[in-house]
$ cat data_38.cif   # mmCIF, C-alpha atoms, pLDDT in the B column; chains and numbers go by the auth columns
data_input
#
loop_
_atom_site.group_PDB
_atom_site.id
_atom_site.type_symbol
_atom_site.label_atom_id
_atom_site.label_comp_id
_atom_site.label_asym_id
_atom_site.label_seq_id
_atom_site.Cartn_x
_atom_site.Cartn_y
_atom_site.Cartn_z
_atom_site.B_iso_or_equiv
_atom_site.auth_seq_id
_atom_site.auth_asym_id
ATOM 1 C CA MET A 1 -4.938 9.322 20.843 52.00 1 A
ATOM 2 C CA SER A 2 -4.187 11.468 17.815 62.00 2 A
ATOM 3 C CA THR A 3 -6.783 11.977 15.144 74.00 3 A
ATOM 4 C CA ILE A 4 -6.163 11.611 11.449 82.00 4 A
ATOM 5 C CA ARG A 5 -6.781 14.565 9.164 86.00 5 A
ATOM 6 C CA SER A 6 -9.289 13.981 6.371 86.00 6 A
ATOM 7 C CA GLY A 7 -6.641 14.220 3.636 88.00 7 A
ATOM 8 C CA THR A 8 -4.447 11.716 5.455 88.00 8 A
ATOM 9 C CA ARG A 9 -7.433 9.419 5.977 91.00 9 A
ATOM 10 C CA SER A 10 -8.176 9.556 2.234 92.00 10 A
ATOM 11 C CA ARG A 11 -4.553 8.709 1.441 92.00 11 A
ATOM 12 C CA ILE A 12 -4.608 5.744 3.833 94.00 12 A
ATOM 13 C CA GLU A 13 -7.906 4.491 2.422 94.00 13 A
ATOM 14 C CA GLU A 14 -6.509 4.701 -1.135 94.00 14 A
ATOM 15 C CA THR A 15 -3.444 2.759 -0.004 94.00 15 A
ATOM 16 C CA LEU A 16 -5.738 0.085 1.455 95.00 16 A
ATOM 17 C CA ARG A 17 -7.756 -0.091 -1.774 94.00 17 A
ATOM 18 C CA ASP A 18 -4.499 -0.642 -3.687 93.00 18 A
ATOM 19 C CA TYR A 19 -3.341 -3.391 -1.298 94.00 19 A
ATOM 20 C CA PRO A 20 -4.690 -6.331 -3.358 94.00 20 A
ATOM 21 C CA ASN A 21 -2.617 -5.072 -6.313 93.00 21 A
ATOM 22 C CA LEU A 22 0.574 -4.095 -4.460 93.00 22 A
ATOM 23 C CA ASP A 23 2.397 -7.340 -5.284 93.00 23 A
ATOM 24 C CA LYS A 24 1.628 -6.773 -8.976 94.00 24 A
ATOM 25 C CA TYR A 25 2.780 -3.111 -8.779 91.00 25 A
ATOM 26 C CA ILE A 26 6.015 -4.134 -7.044 89.00 26 A
ATOM 27 C CA SER A 27 6.676 -6.838 -9.642 90.00 27 A
ATOM 28 C CA GLU A 28 5.978 -4.454 -12.538 90.00 28 A
ATOM 29 C CA ARG A 29 8.265 -1.796 -11.054 84.00 29 A
ATOM 30 C CA ASN A 30 11.045 -4.362 -10.609 84.00 30 A
ATOM 31 C CA LYS A 31 10.658 -5.382 -14.270 84.00 31 A
ATOM 32 C CA GLU A 32 10.773 -1.732 -15.358 80.00 32 A
ATOM 33 C CA LEU A 33 14.011 -1.244 -13.448 76.00 33 A
ATOM 34 C CA ARG A 34 15.599 -4.500 -14.619 77.00 34 A
ATOM 35 C CA HIS A 35 14.686 -3.966 -18.266 73.00 35 A
ATOM 36 C CA PRO A 36 14.543 -0.229 -18.871 66.00 36 A
ATOM 37 C CA TYR A 37 13.569 1.230 -22.213 63.00 37 A
ATOM 38 C CA ARG A 38 16.667 2.372 -24.059 63.00 38 A
ATOM 39 C CA GLU A 39 16.653 4.686 -27.015 63.00 39 A
ATOM 40 C CA SER A 40 19.063 3.823 -29.770 61.00 40 A
ATOM 41 C CA ASP A 41 22.170 5.957 -29.661 58.00 41 A
ATOM 42 C CA GLU A 42 23.091 7.413 -33.019 64.00 42 A
ATOM 43 C CA ASN A 43 26.060 9.247 -31.541 61.00 43 A
ATOM 44 C CA VAL A 44 28.738 6.643 -32.111 62.00 44 A
ATOM 45 C CA GLY A 45 32.125 7.262 -30.590 59.00 45 A
ATOM 46 C CA GLY A 46 32.840 10.187 -28.341 57.00 46 A
ATOM 47 C CA GLY A 47 34.249 10.484 -24.868 57.00 47 A
ATOM 48 C CA LYS A 48 33.998 8.442 -21.747 57.00 48 A
ATOM 49 C CA SER A 49 30.963 8.346 -19.534 57.00 49 A
ATOM 50 C CA SER A 50 30.947 8.575 -15.751 55.00 50 A
ATOM 51 C CA LYS A 51 28.289 5.883 -15.695 53.00 51 A
ATOM 52 C CA ILE A 52 29.114 2.508 -14.119 50.00 52 A
ATOM 53 C CA SER A 53 30.196 0.164 -16.889 55.00 53 A
ATOM 54 C CA LYS A 54 28.941 -3.039 -15.255 54.00 54 A
ATOM 55 C CA PRO A 55 25.221 -3.338 -16.057 58.00 55 A
ATOM 56 C CA GLN A 56 24.394 -5.672 -13.126 54.00 56 A
ATOM 57 C CA GLU A 57 25.894 -3.244 -10.632 50.00 57 A
ATOM 58 C CA GLN A 58 24.003 -0.380 -12.236 54.00 58 A
ATOM 59 C CA MET A 59 20.729 -2.353 -12.060 53.00 59 A
ATOM 60 C CA ILE A 60 21.220 -3.191 -8.364 56.00 60 A
ATOM 61 C CA ILE A 61 22.002 0.436 -7.547 54.00 61 A
ATOM 62 C CA THR A 62 18.932 1.559 -9.514 65.00 62 A
ATOM 63 C CA ILE A 63 16.620 -0.922 -7.741 58.00 63 A
ATOM 64 C CA GLU A 64 17.984 -0.036 -4.289 66.00 64 A
ATOM 65 C CA ALA A 65 17.650 3.716 -4.913 71.00 65 A
ATOM 66 C CA ASP A 66 14.205 3.672 -6.541 77.00 66 A
ATOM 67 C CA LYS A 67 11.817 5.719 -4.405 84.00 67 A
ATOM 68 C CA ARG A 68 8.633 4.383 -6.002 86.00 68 A
ATOM 69 C CA LEU A 69 9.617 0.773 -5.374 86.00 69 A
ATOM 70 C CA ALA A 70 10.660 1.566 -1.799 88.00 70 A
ATOM 71 C CA MET A 71 7.320 3.299 -1.142 90.00 71 A
ATOM 72 C CA LEU A 72 5.308 0.365 -2.513 91.00 72 A
ATOM 73 C CA GLU A 73 7.270 -2.124 -0.412 92.00 73 A
ATOM 74 C CA ARG A 74 6.945 0.055 2.701 93.00 74 A
ATOM 75 C CA GLU A 75 3.164 0.339 2.245 94.00 75 A
ATOM 76 C CA LYS A 76 2.822 -3.424 1.805 95.00 76 A
ATOM 77 C CA LYS A 77 4.898 -4.175 4.903 96.00 77 A
ATOM 78 C CA ALA A 78 2.937 -1.658 6.988 96.00 78 A
ATOM 79 C CA ILE A 79 -0.444 -3.081 5.961 96.00 79 A
ATOM 80 C CA ASP A 80 0.762 -6.654 6.509 96.00 80 A
ATOM 81 C CA LYS A 81 2.046 -5.737 9.968 96.00 81 A
ATOM 82 C CA CYS A 82 -1.263 -4.105 10.924 96.00 82 A
ATOM 83 C CA LEU A 83 -3.263 -7.063 9.609 96.00 83 A
ATOM 84 C CA ILE A 84 -1.193 -9.540 11.609 96.00 84 A
ATOM 85 C CA VAL A 85 -2.112 -7.915 14.925 96.00 85 A
ATOM 86 C CA ALA A 86 -5.724 -7.078 13.940 95.00 86 A
ATOM 87 C CA SER A 87 -8.688 -9.042 15.306 95.00 87 A
ATOM 88 C CA ASP A 88 -10.785 -11.250 13.031 94.00 88 A
ATOM 89 C CA ASP A 89 -13.617 -8.681 13.051 94.00 89 A
ATOM 90 C CA THR A 90 -11.184 -5.916 12.082 95.00 90 A
ATOM 91 C CA LYS A 91 -9.771 -8.029 9.239 95.00 91 A
ATOM 92 C CA THR A 92 -13.300 -8.710 7.976 94.00 92 A
ATOM 93 C CA ILE A 93 -14.214 -5.007 8.114 94.00 93 A
ATOM 94 C CA ILE A 94 -11.045 -3.873 6.348 95.00 94 A
ATOM 95 C CA SER A 95 -11.126 -6.575 3.693 94.00 95 A
ATOM 96 C CA GLU A 96 -14.809 -5.949 2.894 94.00 96 A
ATOM 97 C CA LEU A 97 -14.587 -2.150 2.836 93.00 97 A
ATOM 98 C CA TYR A 98 -11.206 -1.743 1.128 94.00 98 A
ATOM 99 C CA PHE A 99 -9.853 -4.929 -0.455 94.00 99 A
ATOM 100 C CA ARG A 100 -12.848 -5.896 -2.578 90.00 100 A
ATOM 101 C CA GLU A 101 -13.113 -4.208 -5.953 88.00 101 A
ATOM 102 C CA HIS A 102 -16.864 -3.785 -5.479 88.00 102 A
ATOM 103 C CA PRO A 103 -17.715 -3.978 -1.754 85.00 103 A
ATOM 104 C CA TYR A 104 -20.934 -5.882 -1.185 89.00 104 A
ATOM 105 C CA TYR A 105 -21.496 -4.805 2.422 89.00 105 A
ATOM 106 C CA ARG A 106 -21.046 -1.686 4.508 92.00 106 A
ATOM 107 C CA ILE A 107 -20.442 -2.004 8.253 91.00 107 A
ATOM 108 C CA ASP A 108 -24.175 -2.307 9.021 92.00 108 A
ATOM 109 C CA GLY A 109 -24.496 -5.116 6.475 91.00 109 A
ATOM 110 C CA LEU A 110 -21.572 -6.977 8.001 92.00 110 A
ATOM 111 C CA ILE A 111 -23.283 -6.856 11.398 91.00 111 A
ATOM 112 C CA LEU A 112 -26.750 -7.810 10.107 91.00 112 A
ATOM 113 C CA ASN A 113 -25.384 -10.796 8.170 90.00 113 A
ATOM 114 C CA GLY A 114 -23.355 -12.051 11.129 90.00 114 A
ATOM 115 C CA MET A 115 -20.012 -11.585 9.408 91.00 115 A
ATOM 116 C CA ILE A 116 -18.682 -9.623 12.385 93.00 116 A
ATOM 117 C CA HIS A 117 -19.676 -10.122 15.994 92.00 117 A
ATOM 118 C CA CYS A 118 -19.691 -6.719 17.629 92.00 118 A
ATOM 119 C CA SER A 119 -21.875 -3.648 17.984 93.00 119 A
ATOM 120 C CA ARG A 120 -22.065 -0.929 15.346 93.00 120 A
ATOM 121 C CA ALA A 121 -20.086 1.490 17.533 95.00 121 A
ATOM 122 C CA GLN A 122 -17.428 -1.158 18.213 95.00 122 A
ATOM 123 C CA ALA A 123 -17.163 -1.924 14.469 94.00 123 A
ATOM 124 C CA PHE A 124 -16.496 1.738 13.670 95.00 124 A
ATOM 125 C CA ARG A 125 -14.008 1.877 16.550 95.00 125 A
ATOM 126 C CA LEU A 126 -12.167 -1.159 15.159 96.00 126 A
ATOM 127 C CA LYS A 127 -12.024 0.447 11.724 95.00 127 A
ATOM 128 C CA HIS A 128 -10.685 3.749 13.100 94.00 128 A
ATOM 129 C CA GLU A 129 -8.141 1.975 15.303 95.00 129 A
ATOM 130 C CA PHE A 130 -6.859 0.077 12.277 96.00 130 A
ATOM 131 C CA LEU A 131 -6.584 3.271 10.222 95.00 131 A
ATOM 132 C CA ASN A 132 -4.754 4.994 13.107 93.00 132 A
ATOM 133 C CA SER A 133 -2.402 2.040 13.460 94.00 133 A
ATOM 134 C CA LEU A 134 -1.646 2.070 9.723 95.00 134 A
ATOM 135 C CA ALA A 135 -1.132 5.849 9.740 93.00 135 A
ATOM 136 C CA ASN A 136 1.341 5.398 12.575 92.00 136 A
ATOM 137 C CA GLU A 137 3.196 2.618 10.703 93.00 137 A
ATOM 138 C CA LEU A 138 3.414 4.786 7.594 91.00 138 A
ATOM 139 C CA GLY A 139 4.536 7.809 9.594 89.00 139 A
ATOM 140 C CA LEU A 140 1.447 9.797 8.584 85.00 140 A
ATOM 141 C CA LEU A 141 -0.059 10.302 12.031 77.00 141 A
ATOM 142 C CA ASP A 142 -0.297 13.978 12.924 69.00 142 A
ATOM 143 C CA PRO A 143 1.306 14.460 16.357 65.00 143 A
ATOM 144 C CA TYR A 144 -0.835 17.486 17.202 62.00 144 A
#
$ encode --input "data_38.cif" --output "structure tokens"
Amino acid sequence: MSTIRSGTRSRIEETLRDYPNLDKYISERNKELRHPYRESDENVGGGKSSKISKPQEQMIITIEADKRLAMLEREKKAIDKCLIVASDDTKTIISELYFREHPYYRIDGLILNGMIHCSRAQAFRLKHEFLNSLANELGLLDPY
């Protein structure tokens, strides 16, 4: 099993912390692309432009080619895919540690309060397996 570098782990953990807001970020980015800010053009007249003259076609091309939107959607799909196959204990660990704005429990607290039903070592193993799985889905797993 490959290990995750600390910088990669931090990136994955930040992605997980953003997960509850990803739908909002995707929606906002779509709105930005559909209704871009346009400066008024004082240069009236002039030559032809090589730009596509049909605004709907231009908008579709812009949305399809937008790297930020594609990255947000890819991150959401990867996290969703990992959550679908995760155990209930893993889902509880990940949602408590990363999805809550102000986490109330750490792993030890989850065990002591009976929110997860495994040992401390197994809880950390579940967390690391989930992070490895997500890194693999995102293509961030270091092969060495």
$ closest_residue --input "data_38.cif" --among "A:Phe124, A:Tyr104, A:Tyr98, A:Phe130" --to "A:Leu16" --atoms "all atoms listed in the file"
A:Tyr98
$ axis_aligned_box --input "data_38.cif" --around "stretch 99-112 of chain A" --padding-each-side "5 Å" --output "lines of an AutoDock Vina configuration file"
center_x = -18.3
center_y = -4.7
center_z = 2.7
size_x = 26.9
size_y = 16.1
size_z = 27.4
$ closest_residue --input "data_38.cif" --among "A:Asp66, A:Asp23, A:Glu129, A:Glu101" --to "A:Ala86" --atoms "all atoms listed in the file"
A:Glu129
$ closest_residue --input "data_38.cif" --among "A:Leu131, A:Ile26, A:Ala78, A:Ile93" --to "A:Gly114" --atoms "only C-alpha atoms"
A:Ile93
$ atom_distance --input "data_38.cif" --atom1 "atom CA of A:Ser95" --atom2 "atom CA of A:Arg17"
9.1 Å
$ resolve_selection --input "data_38.cif" --expression "the PyMOL selection byres ((chain A and resi 105-110) around 10)" --output "MDAnalysis selection string"
chainID A and resid 89 92:94 96:97 102:104 111:121 123:124 127
$ write_last_selection --input "data_38.cif" --atoms "C-alpha atoms" --output "PDB file, keeping the file's coordinate frame"
ATOM      1  CA  ASP A  89     -13.617  -8.681  13.051  1.00 94.00           C
ATOM      2  CA  THR A  92     -13.300  -8.710   7.976  1.00 94.00           C
ATOM      3  CA  ILE A  93     -14.214  -5.007   8.114  1.00 94.00           C
ATOM      4  CA  ILE A  94     -11.045  -3.873   6.348  1.00 95.00           C
ATOM      5  CA  GLU A  96     -14.809  -5.949   2.894  1.00 94.00           C
ATOM      6  CA  LEU A  97     -14.587  -2.150   2.836  1.00 93.00           C
ATOM      7  CA  HIS A 102     -16.864  -3.785  -5.479  1.00 88.00           C
ATOM      8  CA  PRO A 103     -17.715  -3.978  -1.754  1.00 85.00           C
ATOM      9  CA  TYR A 104     -20.934  -5.882  -1.185  1.00 89.00           C
ATOM     10  CA  ILE A 111     -23.283  -6.856  11.398  1.00 91.00           C
ATOM     11  CA  LEU A 112     -26.750  -7.810  10.107  1.00 91.00           C
ATOM     12  CA  ASN A 113     -25.384 -10.796   8.170  1.00 90.00           C
ATOM     13  CA  GLY A 114     -23.355 -12.051  11.129  1.00 90.00           C
ATOM     14  CA  MET A 115     -20.012 -11.585   9.408  1.00 91.00           C
ATOM     15  CA  ILE A 116     -18.682  -9.623  12.385  1.00 93.00           C
ATOM     16  CA  HIS A 117     -19.676 -10.122  15.994  1.00 92.00           C
ATOM     17  CA  CYS A 118     -19.691  -6.719  17.629  1.00 92.00           C
ATOM     18  CA  SER A 119     -21.875  -3.648  17.984  1.00 93.00           C
ATOM     19  CA  ARG A 120     -22.065  -0.929  15.346  1.00 93.00           C
ATOM     20  CA  ALA A 121     -20.086   1.490  17.533  1.00 95.00           C
ATOM     21  CA  ALA A 123     -17.163  -1.924  14.469  1.00 94.00           C
ATOM     22  CA  PHE A 124     -16.496   1.738  13.670  1.00 95.00           C
ATOM     23  CA  LYS A 127     -12.024   0.447  11.724  1.00 95.00           C
TER      24      LYS A 127
END
$ atom_distance --input "data_38.cif" --atom1 "atom CA of A:Leu69" --atom2 "atom CA of A:Ser27"
9.2 Å
$ closest_residue --input "data_38.cif" --among "A:Ala135, A:Ala70, A:Arg125, A:Arg100" --to "A:Tyr25" --atoms "all atoms listed in the file"
A:Ala70
$ atom_distance --input "data_38.cif" --atom1 "atom CA of A:Arg29" --atom2 "atom CA of A:Asp80"
19.7 Å
$ closest_residue --input "data_38.cif" --among "A:Leu138, A:Ala65, A:His128, A:Gln122" --to "A:Lys81" --atoms "only C-alpha atoms"
A:Leu138
$ closest_residue --input "data_38.cif" --among "A:Glu73, A:Leu140, A:Ile79, A:Arg34" --to "A:Gly7" --atoms "only C-alpha atoms"
A:Leu140
$ build_atoms --input "data_38.cif" --residues "stretch 69-80 of chain A" --atoms "all heavy atoms" --output "CSV table (one decimal), in the coordinates of the input"
chain,number,residue,atom,x,y,z
A,69,LEU,N,9.6,2.2,-5.8
A,69,LEU,CA,9.6,0.8,-5.4
A,69,LEU,C,9.7,0.7,-3.8
A,69,LEU,O,9.0,-0.1,-3.2
A,69,LEU,CB,10.8,0.0,-6.0
A,69,LEU,CG,11.0,-1.4,-5.7
A,69,LEU,CD1,9.7,-2.2,-6.1
A,69,LEU,CD2,12.2,-2.0,-6.3
A,70,ALA,N,10.5,1.5,-3.3
A,70,ALA,CA,10.7,1.6,-1.8
A,70,ALA,C,9.3,1.9,-1.1
A,70,ALA,O,9.0,1.3,-0.1
A,70,ALA,CB,11.8,2.5,-1.4
A,71,MET,N,8.6,2.9,-1.7
A,71,MET,CA,7.3,3.3,-1.1
A,71,MET,C,6.3,2.2,-1.2
A,71,MET,O,5.6,1.9,-0.3
A,71,MET,CB,6.8,4.5,-1.9
A,71,MET,CG,5.5,5.0,-1.3
A,71,MET,SD,4.6,6.2,-2.4
A,71,MET,CE,4.2,5.1,-3.8
A,72,LEU,N,6.2,1.5,-2.4
A,72,LEU,CA,5.3,0.4,-2.5
A,72,LEU,C,5.6,-0.7,-1.5
A,72,LEU,O,4.7,-1.3,-0.9
A,72,LEU,CB,5.4,-0.2,-3.9
A,72,LEU,CG,4.8,0.7,-5.1
A,72,LEU,CD1,5.2,0.1,-6.4
A,72,LEU,CD2,3.3,0.8,-4.9
A,73,GLU,N,6.9,-1.1,-1.4
A,73,GLU,CA,7.3,-2.1,-0.4
A,73,GLU,C,7.0,-1.7,1.0
A,73,GLU,O,6.5,-2.5,1.8
A,73,GLU,CB,8.7,-2.5,-0.6
A,73,GLU,CG,9.0,-3.2,-1.9
A,73,GLU,CD,10.5,-3.5,-2.2
A,73,GLU,OE1,11.3,-2.7,-1.6
A,73,GLU,OE2,10.8,-4.3,-3.0
A,74,ARG,N,7.2,-0.4,1.3
A,74,ARG,CA,6.9,0.1,2.7
A,74,ARG,C,5.5,0.0,3.0
A,74,ARG,O,5.1,-0.4,4.1
A,74,ARG,CB,7.5,1.5,2.8
A,74,ARG,CG,7.5,2.0,4.3
A,74,ARG,CD,8.0,3.4,4.3
A,74,ARG,NE,7.1,4.3,3.7
A,74,ARG,CZ,6.7,5.4,4.2
A,74,ARG,NH1,7.2,5.9,5.3
A,74,ARG,NH2,5.8,6.2,3.6
A,75,GLU,N,4.6,0.4,2.0
A,75,GLU,CA,3.2,0.3,2.2
A,75,GLU,C,2.7,-1.1,2.5
A,75,GLU,O,1.9,-1.4,3.3
A,75,GLU,CB,2.4,1.0,1.0
A,75,GLU,CG,2.5,2.5,1.0
A,75,GLU,CD,1.9,3.1,-0.3
A,75,GLU,OE1,1.5,2.3,-1.2
A,75,GLU,OE2,1.9,4.3,-0.3
A,76,LYS,N,3.2,-2.0,1.7
A,76,LYS,CA,2.8,-3.4,1.8
A,76,LYS,C,3.2,-4.0,3.2
A,76,LYS,O,2.4,-4.6,3.8
A,76,LYS,CB,3.4,-4.3,0.7
A,76,LYS,CG,3.1,-5.7,0.8
A,76,LYS,CD,3.2,-6.5,-0.4
A,76,LYS,CE,2.9,-7.9,-0.3
A,76,LYS,NZ,1.9,-8.4,0.6
A,77,LYS,N,4.4,-3.7,3.6
A,77,LYS,CA,4.9,-4.2,4.9
A,77,LYS,C,4.1,-3.6,6.0
A,77,LYS,O,3.7,-4.3,7.0
A,77,LYS,CB,6.4,-3.8,5.1
A,77,LYS,CG,7.3,-4.7,4.3
A,77,LYS,CD,8.8,-4.3,4.6
A,77,LYS,CE,9.7,-5.0,3.6
A,77,LYS,NZ,11.1,-4.5,3.8
A,78,ALA,N,3.7,-2.3,5.9
A,78,ALA,CA,2.9,-1.7,7.0
A,78,ALA,C,1.5,-2.3,7.1
A,78,ALA,O,1.1,-2.6,8.2
A,78,ALA,CB,2.8,-0.2,6.7
A,79,ILE,N,0.9,-2.5,5.9
A,79,ILE,CA,-0.4,-3.1,6.0
A,79,ILE,C,-0.4,-4.5,6.5
A,79,ILE,O,-1.2,-4.9,7.3
A,79,ILE,CB,-1.1,-3.0,4.6
A,79,ILE,CG1,-1.3,-1.6,4.2
A,79,ILE,CG2,-2.4,-3.8,4.5
A,79,ILE,CD1,-1.8,-1.4,2.7
A,80,ASP,N,0.6,-5.3,6.0
A,80,ASP,CA,0.8,-6.7,6.5
A,80,ASP,C,1.0,-6.7,8.0
A,80,ASP,O,0.3,-7.5,8.7
A,80,ASP,CB,1.9,-7.3,5.8
A,80,ASP,CG,1.7,-7.7,4.4
A,80,ASP,OD1,0.5,-7.8,4.0
A,80,ASP,OD2,2.7,-7.9,3.6
